[in-house]
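J.: First the structure, which I've put down as structure tokens, then a few questions once you've had a look.
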Amino acid sequence: MEKYGIGQPVRRKEDVRFLTGTGTYIDDIKPDNVAHALVLRSTHAHAKILGIDGTEAENMPGILGIVTGKDWIAEDFQPMPTKSAVNKKIDGTPLNQPPRHALAIDRVRYVGEPVALIVAETVSQAQDAAEAVEVDYEELEAVTDQVKALEPGAPQIWDDIEGNFCLDFELGDKEETEKAFKGADHVIKLDLRNQCVTATPIETRGAIASYDKDTGKYFLQNATQNVHANRDTFAGVLKIPSEDLHHVAPDVGGGFGAKNSGYPEPSLLLYASKKIDRPIKWISDRNESFAADTHGRDQATTVELALDKDGMFLGLRTKTIGNIGAYCWTVGPFTPTGGSARTQGGPYYFPAMHYTGIAAFTNTMPLDPYRGAGRPEGSFQIERIVELAARELGIDPVELRRKNLMPADSLPRKTPMGLDVDTGNFPEVFERTLKMSDRAGFAKRVADSAAKGLKRGFAIAPYLECTGGGPKEFAGVKFARDGSAALRVGSMSTGMGQETSMPQILSDRLGIDFDKITYVQGDTDATPIGGGHGGSRNMEVGGSAVLQCANEVLVKAKQIAAHLLNSNADDMELSEGVFTDVKTDQSVSMVDVVAASFEQSRLPDGMEEGALDTDTIYEREIISCPNGCHSAEVEVDPETGSVNVEHMWVVDDFGTIINPMLADGQVMGGIAQGLGQALMEEIIYDEDSGQLVTGSLMDYALPRADSMPKMEMAFFEDAPTAKNPLGVKGSGEAGCCGAPPAIVNAVLDALKDDGVLHIEMPLTSEKVWRAIAEAKAG
Amino acid sequence: MYEFEYHQPKTLEEAAKLFADADDPQFMAGGQTIIPVMKQHLAMPSDIIDIGRIADLQGISVDGDTLTIGAMTRHGDVAGSDEVRKSIPALSDLASHIGDPAVRNRGTLGGSIANNDPAADYPAALVALGATVYTTSREISAEDFFTAMFETALEDGEMVVKVTFPVPEKAAYEKFPNPASRYATTGVFVARTGDGVRVAVTGAGACVFRQSDFEKALDTDFSPPALDGISVSADGLNSDLHASAEYRANLITVLAKRAVKHAG
């Protein structure tokens with residue numbers, strides 16, 4: 001029993017089906033009589049739609065229907081409102097929010113915007129018909145860069161939104177910060193970008209919709225991270241009660257935020273499936289995924305650091321302009337504002353900070369959360385400015401960081417950004433990372449690299465982030481007579497392993513055989529509420545709900561056990577699946593207690609058959625603060641500029657670790673995505689035409705297995721948080737907070753003798769090569 | 001994908017007849033280019049003639065100083081072949097770095113050279129090694145075979161049957177892969193034979209080309225320093241998302257030096 005408990009590296013149950021090709025992803029579901037849909041998308045970044053002629057297409061073989069923006073408006077379907085938690089400008093007025101319909105109405109505003117839905121007997125027929133649909137466009141000037149979009153004279157994306165301005169936002173004490181800068185001995189300033197990237201989940205998006213005319217209910221199977229919130233969104237669009245839409249996510253192959261939101265396609269499919277009275281399937285292809293999955297990051301930032309003569313930090317001032325694309329999407333405006341603000345300054349002690357964020361509209365695919373949603377951007381900003389300060393002031397970057405970390409005894413502390421940092425030990429985590437990094441051997445490794453004509457660099461990057469996502473979560477357990485248990489949870493795994501880690505918690509607390517616990521998620525009929533996944537909330541909120549549920553079961557199980565033993569519930573102790581009376585030493589197994597719960601004659605008064613079945617809702621009060629430290633060693637080939645990340649060392653404080661193997665996996669995956677952003681990934685739109693340039697895997701570079709460094713990871717578990725009963729802090733997004741600054745700063749360390757101070761991400765070979773050449777030229 | 005007729009002939013004669021009888025036929029070897037292109041609706045052949053079952057196109061053999069590779073030989077088979085590794089290890093190395101395992105298990109020598117993608121690896125090897133392309137109707141020297149971007153000397157309906165490579169004294173291929181596609185951003189194949197040194201560059205221009213100033217210098221002194229001081233012009237080189245012409249010009253020098261070093 002013990003080996004399946006909390007803290008054990010239990011192998012993932014779900015891997016057998018994932019690794020043998022027997023998972024059930026959307027495209028594996030093949031309903032009888034299913035029709036296929038294709039989304040006709042805008043080929044222009046900005047254009048008026050003068051007309052759409054689908055007459056020829058409608059008469060082509062196998063075509064079952066074509067839906068356009070005109071049909072959509074005629075049905076009076078509703079736009080999808082943003083749920084951004086930051087929704088007012090600094091002056092208190094509401095953010096500028098254009099209507100976001102499932103189809104473009106009279107005008108397209110980004111390449112890939114849905115213009116029509118074509119439904120056919122086969123995908124191939126729909127593709128043929130798509131070429132016969134005549135969309136009469138009148139092209140308009142486009143702007144794809146958020147800084148340019150805010151400049152006077154920029155093309156207007158929305159007629160009634162002046163200057164493409166969505167909202168502005170500030171956090172921190174402006175006056176105190178100004179004072180700190182005035183009194184500073186040194187002010188270091190840097191302009192930098194967090195480039196636009198995309199999630200590229202291994203399973204592209206897709207959905208199957210159907211309508212039952214007998215019951216009047218819709219059924220949607222969808223590759224999503226969040227069934228409940230999106231059910232409500234789609235129901236709102238179609239003006240139907242939420243309970244008339246059953247929304248299920250089968251196995252989902254990666255989300256990273258890009259499957260968080262209410263996309264246009266499901267509403268279109270639901271509507272069309274009712275209209276043609278057949279189930280309809282839509283699967284996004286990979287090119288469509290680049291154009292029409294929400295993008296992430298894309299912030300243009302100026303960051304300023306004020307220091308005293310001894311190198312102590314006095315103040316931090318950050319100004320960011322974030323691209324949100326052509327619409328507010330689901331929570332797009334939050335990322336460059338509240339999302340990036342909260343963890344400003346990282347784990348360093350700052351007397352004063354001030355953050356300003358602006359969200360701007362452009363003619364690009366809208367942005368929404370991407371793994372970290374603002375915190376990786378913040379982490380990169382602080383770590384770059386600290387590294388630059390060390391370089392410019394001639395201070396050892398390790399030393400500058402060490403002396404400015406929040407001391408252990410300064411916690412709990414509320415940062416100037418209002419972040420409640422309750423537990424942790426940043427100096428300890430920092431020193432442990434440094435120790436793991438074998439600094440003593442560095443000089444030899446530098447020499448070995450030099451002998452090969454390569455430059456070696458090192459950097460360390462402590463980070464502080466926070467969790468997010470919905471604060472409430474449901475967990476329910478239903479038992480069977482044989483002692484097995486069906487666990488239902490409203491949070492969601494899209495491959496992270498909650499099918500294993502959630503039962504671990506239940507098994508640990510109730511002594512139920514791990515193999516006898518089944519797990520259900522992602523089904524609006526199975527759980528009354530559910531927050532899906534996002535903001536590293538699965539363990540923090542979902543896991544806490546499971547723990548709370550287990551605790552409630554335990555209270556009842558003790559009563560039953562005591563009744564069976566003619567004893568008192570208070571005297572019952574559960575160990576390895578057996579209740580023992582601490583006074584009499586009599587015992588009864590949990591399996592027997594479960595069996596008894598189905599026999600009225602064996603139950604105490606007041607309990608009914610099935611008494612152990614328990615539903616509960618846990619609510620988080622304050623978000624937790626995962627933190628840790630990454631360090632990286634890289635080799636740079638000065639002749640080609642190519643970078644190889646050789647080694648990364650990571651110590652993470654995620655509070656209590658439920659399953660160290662899965663937590664390791666989260667860190668490694670986060671490093672892979674962080675490395676991708678640092679070195680190669682970038683969504684690029686053509687500046688003039690607004691066309692997507694990186695629209696396929698032939699152009700958008702992703703890290704592969706051979707891009708990955710050796711990774712050594714450890715956990716600091718001495719500071720569990722009291723903010724939730726499990727003591728967990730969230731592990732999902734930490735990797736991509738720490739990896740980009742560690743890698744970028746290590747490259748700049750390798751090039752310090754060349755005088756290279758800054759290179760914008762991604763650090764492609766050519767950019768690195770040019771930076772060396774330009775520094776040499778002076 | 002548009003609809004098309006699929007054929008799988010067993011002989012060259014059968015393939016030729018199918019080709020002659022179809023409206024807009026297309027030969028398919030490993031399908032690593034034509035299938036993605038068709039999936040994107042960028043090509044609509046009436047007939048796909050899959051030449052994968054034609055026995056005359058298979059096989060690797062060495063006869064004296066000549067290595068012969070059948071057109072339908074997969075990259076993975078070239079990479080794994082003892083004959084290739086013993087006779088021209090540089091060619092074996094080149095094949096082992098084409099695409100990824102899935103591509104190497106399907107893609108073929110004949111398909112690659114007939115497509116003449118400017119970023120493909122094989123053209124550099126054929127030109128540097130002075131290979132000869134045997135088709136269904138004639139033999140063509142590698143240099144005459146590759147004519148322009150995605151263009152070859154092949155006539156309509158003419159098919160590559162095999163390629164013969166003279167075994168060089170020394171040879172090496174250095175490739176700087178595109179980080180996304182892993183095609184050659186620039187690749188340089190250097191070979192020294194009894195006829196002198198040849199340096200062929202792929203990925204950098206519209207079509208594979210020889211770097212004659214390098215060849216001249218290496219003829220005199222086959223060592224990396226021999227290339228010092230020869231500047232490569234960026235004029236006419238490719239410039240794209242991943243590499244400017246100037247960067248490619250730098251890569252030509254860097255990779256050529258490394259190839260010379262590795263050739264030993």
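Chain labels run A, B, ... following the order of the structure tokens; each chain numbers its residues from 1, and ligands are numbered from 1 in the order shown.
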What residues in chain B lie within 9 Å of chain A, counting only C-alpha atoms, written as a PyMOL selection string?

T.: chain B and resi 1-3+41+176+178-183+241-244+247+250-251+254

J.: So that I have them on file, write out the residues from the current selection with N, CA, C and O atoms, as a PDB file, in the first residue's frame.

T.:
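Saved the output as again.pdb:
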ATOM      1  N   MET B   1      -6.460  16.477 -49.801  1.00  0.00           N
ATOM      2  CA  MET B   1      -5.874  15.870 -50.987  1.00  0.00           C
ATOM      3  C   MET B   1      -6.953  15.709 -52.059  1.00  0.00           C
ATOM      4  O   MET B   1      -8.052  15.273 -51.756  1.00  0.00           O
ATOM      5  N   TYR B   2      -6.599  16.085 -53.284  1.00  0.00           N
ATOM      6  CA  TYR B   2      -7.539  15.839 -54.387  1.00  0.00           C
ATOM      7  C   TYR B   2      -7.525  14.353 -54.718  1.00  0.00           C
ATOM      8  O   TYR B   2      -6.550  13.665 -54.459  1.00  0.00           O
ATOM      9  N   GLU B   3      -8.595  13.908 -55.340  1.00  0.00           N
ATOM     10  CA  GLU B   3      -8.642  12.494 -55.702  1.00  0.00           C
ATOM     11  C   GLU B   3      -7.691  12.202 -56.853  1.00  0.00           C
ATOM     12  O   GLU B   3      -7.439  13.058 -57.696  1.00  0.00           O
ATOM     13  N   HIS B  41      -2.969  20.608 -51.014  1.00  0.00           N
ATOM     14  CA  HIS B  41      -3.673  21.005 -52.237  1.00  0.00           C
ATOM     15  C   HIS B  41      -2.781  21.812 -53.184  1.00  0.00           C
ATOM     16  O   HIS B  41      -3.271  22.637 -53.935  1.00  0.00           O
ATOM     17  N   PHE B 176      24.758  22.357 -41.783  1.00  0.00           N
ATOM     18  CA  PHE B 176      24.189  23.171 -40.719  1.00  0.00           C
ATOM     19  C   PHE B 176      22.681  23.086 -40.896  1.00  0.00           C
ATOM     20  O   PHE B 176      22.114  23.672 -41.814  1.00  0.00           O
ATOM     21  N   ASN B 178      18.678  23.411 -40.713  1.00  0.00           N
ATOM     22  CA  ASN B 178      17.621  24.347 -40.358  1.00  0.00           C
ATOM     23  C   ASN B 178      17.014  23.843 -39.041  1.00  0.00           C
ATOM     24  O   ASN B 178      16.676  22.670 -38.932  1.00  0.00           O
ATOM     25  N   PRO B 179      16.892  24.724 -38.040  1.00  0.00           N
ATOM     26  CA  PRO B 179      16.441  24.237 -36.737  1.00  0.00           C
ATOM     27  C   PRO B 179      15.006  23.702 -36.761  1.00  0.00           C
ATOM     28  O   PRO B 179      14.641  22.894 -35.911  1.00  0.00           O
ATOM     29  N   ALA B 180      14.210  24.127 -37.706  1.00  0.00           N
ATOM     30  CA  ALA B 180      12.830  23.634 -37.773  1.00  0.00           C
ATOM     31  C   ALA B 180      12.754  22.368 -38.618  1.00  0.00           C
ATOM     32  O   ALA B 180      12.355  21.310 -38.144  1.00  0.00           O
ATOM     33  N   SER B 181      13.146  22.477 -39.867  1.00  0.00           N
ATOM     34  CA  SER B 181      12.935  21.360 -40.802  1.00  0.00           C
ATOM     35  C   SER B 181      14.077  20.360 -40.810  1.00  0.00           C
ATOM     36  O   SER B 181      13.903  19.229 -41.214  1.00  0.00           O
ATOM     37  N   ARG B 182      15.206  20.793 -40.382  1.00  0.00           N
ATOM     38  CA  ARG B 182      16.453  20.005 -40.432  1.00  0.00           C
ATOM     39  C   ARG B 182      16.904  19.688 -41.853  1.00  0.00           C
ATOM     40  O   ARG B 182      17.730  18.822 -42.082  1.00  0.00           O
ATOM     41  N   TYR B 183      16.358  20.399 -42.819  1.00  0.00           N
ATOM     42  CA  TYR B 183      16.992  20.437 -44.137  1.00  0.00           C
ATOM     43  C   TYR B 183      18.305  21.189 -43.946  1.00  0.00           C
ATOM     44  O   TYR B 183      18.537  21.793 -42.891  1.00  0.00           O
ATOM     45  N   LEU B 241      13.860  33.230 -43.518  1.00  0.00           N
ATOM     46  CA  LEU B 241      13.560  33.379 -42.111  1.00  0.00           C
ATOM     47  C   LEU B 241      14.702  32.927 -41.196  1.00  0.00           C
ATOM     48  O   LEU B 241      14.971  33.525 -40.173  1.00  0.00           O
ATOM     49  N   HIS B 242      15.359  31.853 -41.594  1.00  0.00           N
ATOM     50  CA  HIS B 242      16.329  31.239 -40.696  1.00  0.00           C
ATOM     51  C   HIS B 242      17.760  31.670 -40.945  1.00  0.00           C
ATOM     52  O   HIS B 242      18.617  31.482 -40.083  1.00  0.00           O
ATOM     53  N   ALA B 243      18.039  32.209 -42.100  1.00  0.00           N
ATOM     54  CA  ALA B 243      19.425  32.595 -42.390  1.00  0.00           C
ATOM     55  C   ALA B 243      19.475  33.600 -43.524  1.00  0.00           C
ATOM     56  O   ALA B 243      18.852  33.390 -44.565  1.00  0.00           O
ATOM     57  N   SER B 244      20.236  34.657 -43.306  1.00  0.00           N
ATOM     58  CA  SER B 244      20.432  35.653 -44.359  1.00  0.00           C
ATOM     59  C   SER B 244      21.512  35.146 -45.308  1.00  0.00           C
ATOM     60  O   SER B 244      22.236  34.200 -44.993  1.00  0.00           O
ATOM     61  N   TYR B 247      24.893  35.351 -43.688  1.00  0.00           N
ATOM     62  CA  TYR B 247      25.152  34.271 -42.734  1.00  0.00           C
ATOM     63  C   TYR B 247      25.489  32.981 -43.480  1.00  0.00           C
ATOM     64  O   TYR B 247      26.407  32.248 -43.108  1.00  0.00           O
ATOM     65  N   ASN B 250      29.001  32.970 -44.640  1.00  0.00           N
ATOM     66  CA  ASN B 250      29.900  32.590 -43.535  1.00  0.00           C
ATOM     67  C   ASN B 250      29.888  31.079 -43.332  1.00  0.00           C
ATOM     68  O   ASN B 250      30.927  30.459 -43.139  1.00  0.00           O
ATOM     69  N   LEU B 251      28.680  30.498 -43.388  1.00  0.00           N
ATOM     70  CA  LEU B 251      28.573  29.049 -43.165  1.00  0.00           C
ATOM     71  C   LEU B 251      29.339  28.258 -44.224  1.00  0.00           C
ATOM     72  O   LEU B 251      29.930  27.221 -43.922  1.00  0.00           O
ATOM     73  N   VAL B 254      32.915  28.198 -43.055  1.00  0.00           N
ATOM     74  CA  VAL B 254      33.072  27.430 -41.815  1.00  0.00           C
ATOM     75  C   VAL B 254      32.888  25.938 -42.077  1.00  0.00           C
ATOM     76  O   VAL B 254      33.683  25.096 -41.646  1.00  0.00           O
TER      77      VAL B 254
END

J.: Hey, what's within 9 Å of Cys328 in chain A if we count only C-alpha atoms and toss same-chain stuff fewer than 2 positions away? As a PyMOL selection string, please?

T.: chain A and resi 81-84+96-100+166+324-326+330-333+361+366-368

J.: Skipping near chain neighbours, those fewer than 2 positions away, what residues fall within 7 Å of range 132-143 of chain B using only C-alpha atoms, listed as a list in words?

T.: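 Once the nearby chain positions are removed, what remains is Leu126, Val127, Gly130, Phe145, Phe146, Glu158, Met159, Val160, Val161, Lys162, Val163, Thr164 and Phe165 of chain B.
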
J.: Keeping only N, CA and C atoms, write the selected residues as a compact mmCIF listing (two decimals), in the first residue's frame.

T.:
# COMPACT_ATOMS: atom_id res chain seq x y z
N LEU B 126 26.40 14.23 -54.82
CA LEU B 126 26.52 13.81 -56.22
C LEU B 126 27.48 14.70 -57.00
N VAL B 127 27.34 16.01 -56.78
CA VAL B 127 28.17 16.95 -57.54
C VAL B 127 29.63 16.86 -57.08
N GLY B 130 31.29 13.71 -58.22
CA GLY B 130 31.30 13.48 -59.68
C GLY B 130 30.49 12.26 -60.06
N PHE B 145 22.89 17.25 -64.29
CA PHE B 145 21.57 16.76 -63.87
C PHE B 145 20.79 17.84 -63.12
N PHE B 146 21.47 18.53 -62.17
CA PHE B 146 20.78 19.54 -61.36
C PHE B 146 20.83 20.86 -62.11
N GLU B 158 10.76 10.52 -67.88
CA GLU B 158 12.07 9.90 -67.67
C GLU B 158 12.27 9.68 -66.17
N MET B 159 12.84 8.54 -65.83
CA MET B 159 12.94 8.21 -64.42
C MET B 159 14.39 7.88 -64.04
N VAL B 160 14.79 8.27 -62.85
CA VAL B 160 16.13 7.91 -62.36
C VAL B 160 16.12 6.42 -62.02
N VAL B 161 17.11 5.69 -62.51
CA VAL B 161 17.18 4.26 -62.23
C VAL B 161 18.23 3.98 -61.15
N LYS B 162 19.38 4.61 -61.31
CA LYS B 162 20.45 4.40 -60.31
C LYS B 162 21.46 5.54 -60.39
N VAL B 163 22.31 5.61 -59.39
CA VAL B 163 23.38 6.60 -59.39
C VAL B 163 24.69 5.86 -59.11
N THR B 164 25.70 6.19 -59.89
CA THR B 164 27.02 5.59 -59.59
C THR B 164 27.94 6.68 -59.05
N PHE B 165 28.69 6.29 -58.03
CA PHE B 165 29.62 7.22 -57.38
C PHE B 165 31.03 6.67 -57.49

J.: Give the alpha helix (DSSP H) residues of range 81-187 of chain A, as DSSP finds them on the backbone, and put them as a list in words.

T.: Val123, Ser124, Gln125, Ala126, Gln127, Asp128, Ala129, Ala130, Glu131, Ala132, Gln146, Val147, Lys148, Ala149, Lys174, Glu175, Glu176, Thr177, Glu178, Lys179, Ala180, Phe181 and Lys182 of chain A

J.: Skip range 11-17 of chain B itself and residues of its chain fewer than 2 positions away, then list as a PyMOL selection string all residues within 8 Å of it, counting only C-alpha atoms.

T.: chain B and resi 9+19-21+49+51+53-56+136+157

J.: Name all residues at most 12 Å from Asp228 in chain B (count only C-alpha atoms; drop same-chain ones fewer than 4 positions away) and give them as a ChimeraX atom specification.

T.: /B:213-214,217-218,221,223-224,232,253-254,256-257

J.: Check range 15-159 of chain B with DSSP on the backbone and list each residue it calls strand (DSSP E), as a ChimeraX atom specification.

T.: /B:25-28,47-50,60-63,66-70,132-135,139-141,146-148,151-152

J.: List as JSON, numbers by chain the protein and nucleic acid residues near Asp24 in chain B, meaning an atom at most 8 Å away when only C-alpha atoms are counted, but skip any in the same chain fewer than 3 places from it.

T.: {"B": [45, 46, 47]}

J.: Within 9 Å of Lys309 in chain A, counting only C-alpha atoms, which residues qualify if same-chain residues fewer than 3 places away don't, as a list in words?

T.: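 After dropping sequence-adjacent residues, the list is Ala184, Asp185, His186 and Met312 of chain A.
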
J.: I'd like a table as a Markdown table: residues in range 309-398 of chain A with an atom no more than 10 Å from range 38-47 of chain A, each row giving the shortest atom pair and its distance in Å to one decimal, only C-alpha atoms counted, sorted by chain and rising residue number.

T.:
| residue | atom | partner | partner_atom | distance |
| --- | --- | --- | --- | --- |
| A:Ala326 | CA | A:Ala45 | CA | 9.7 |
| A:Thr362 | CA | A:Ala45 | CA | 9.5 |
| A:Asn363 | CA | A:Ala45 | CA | 5.7 |
| A:Thr364 | CA | A:Ala45 | CA | 7.1 |
| A:Met365 | CA | A:Ala45 | CA | 9.2 |

J.: I need the chosen residues saved as a compact mmCIF listing (two decimals), in the first residue's frame, with C-alpha atoms.

T.:
# COMPACT_ATOMS: atom_id res chain seq x y z
CA ALA A 326 -7.46 41.12 -32.85
CA THR A 362 -3.16 43.92 -33.61
CA ASN A 363 -4.01 41.93 -36.74
CA THR A 364 -2.71 38.65 -35.34
CA MET A 365 -4.26 35.52 -33.93

J.: In Å, how far is it from CA of Arg509 in chain A to CA of Asp570 in chain A?

T.: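 Separation of CA of Arg509 in chain A and CA of Asp570 in chain A: 16.5 Å.
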
J.: Using Å and a single decimal, report how far CA of His246 in chain A sits from CA of Lys217 in chain A.

T.: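 Computed distance, CA of Lys217 in chain A to CA of His246 in chain A, equals 7.6 Å.
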
J.: With only C-alpha atoms as the basis for distance, which of A:Ile6, A:Val645, A:Leu751, A:Leu268 is at the shortest distance from Val768 in chain A?

T.: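 Smallest distance to Val768 in chain A is found for A:Leu751.
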
J.: CA of Glu169 in chain B and CA of Ser231 in chain B, how far apart in Å?

T.: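 CA of Glu169 in chain B lies at a distance of 26.7 Å from CA of Ser231 in chain B.
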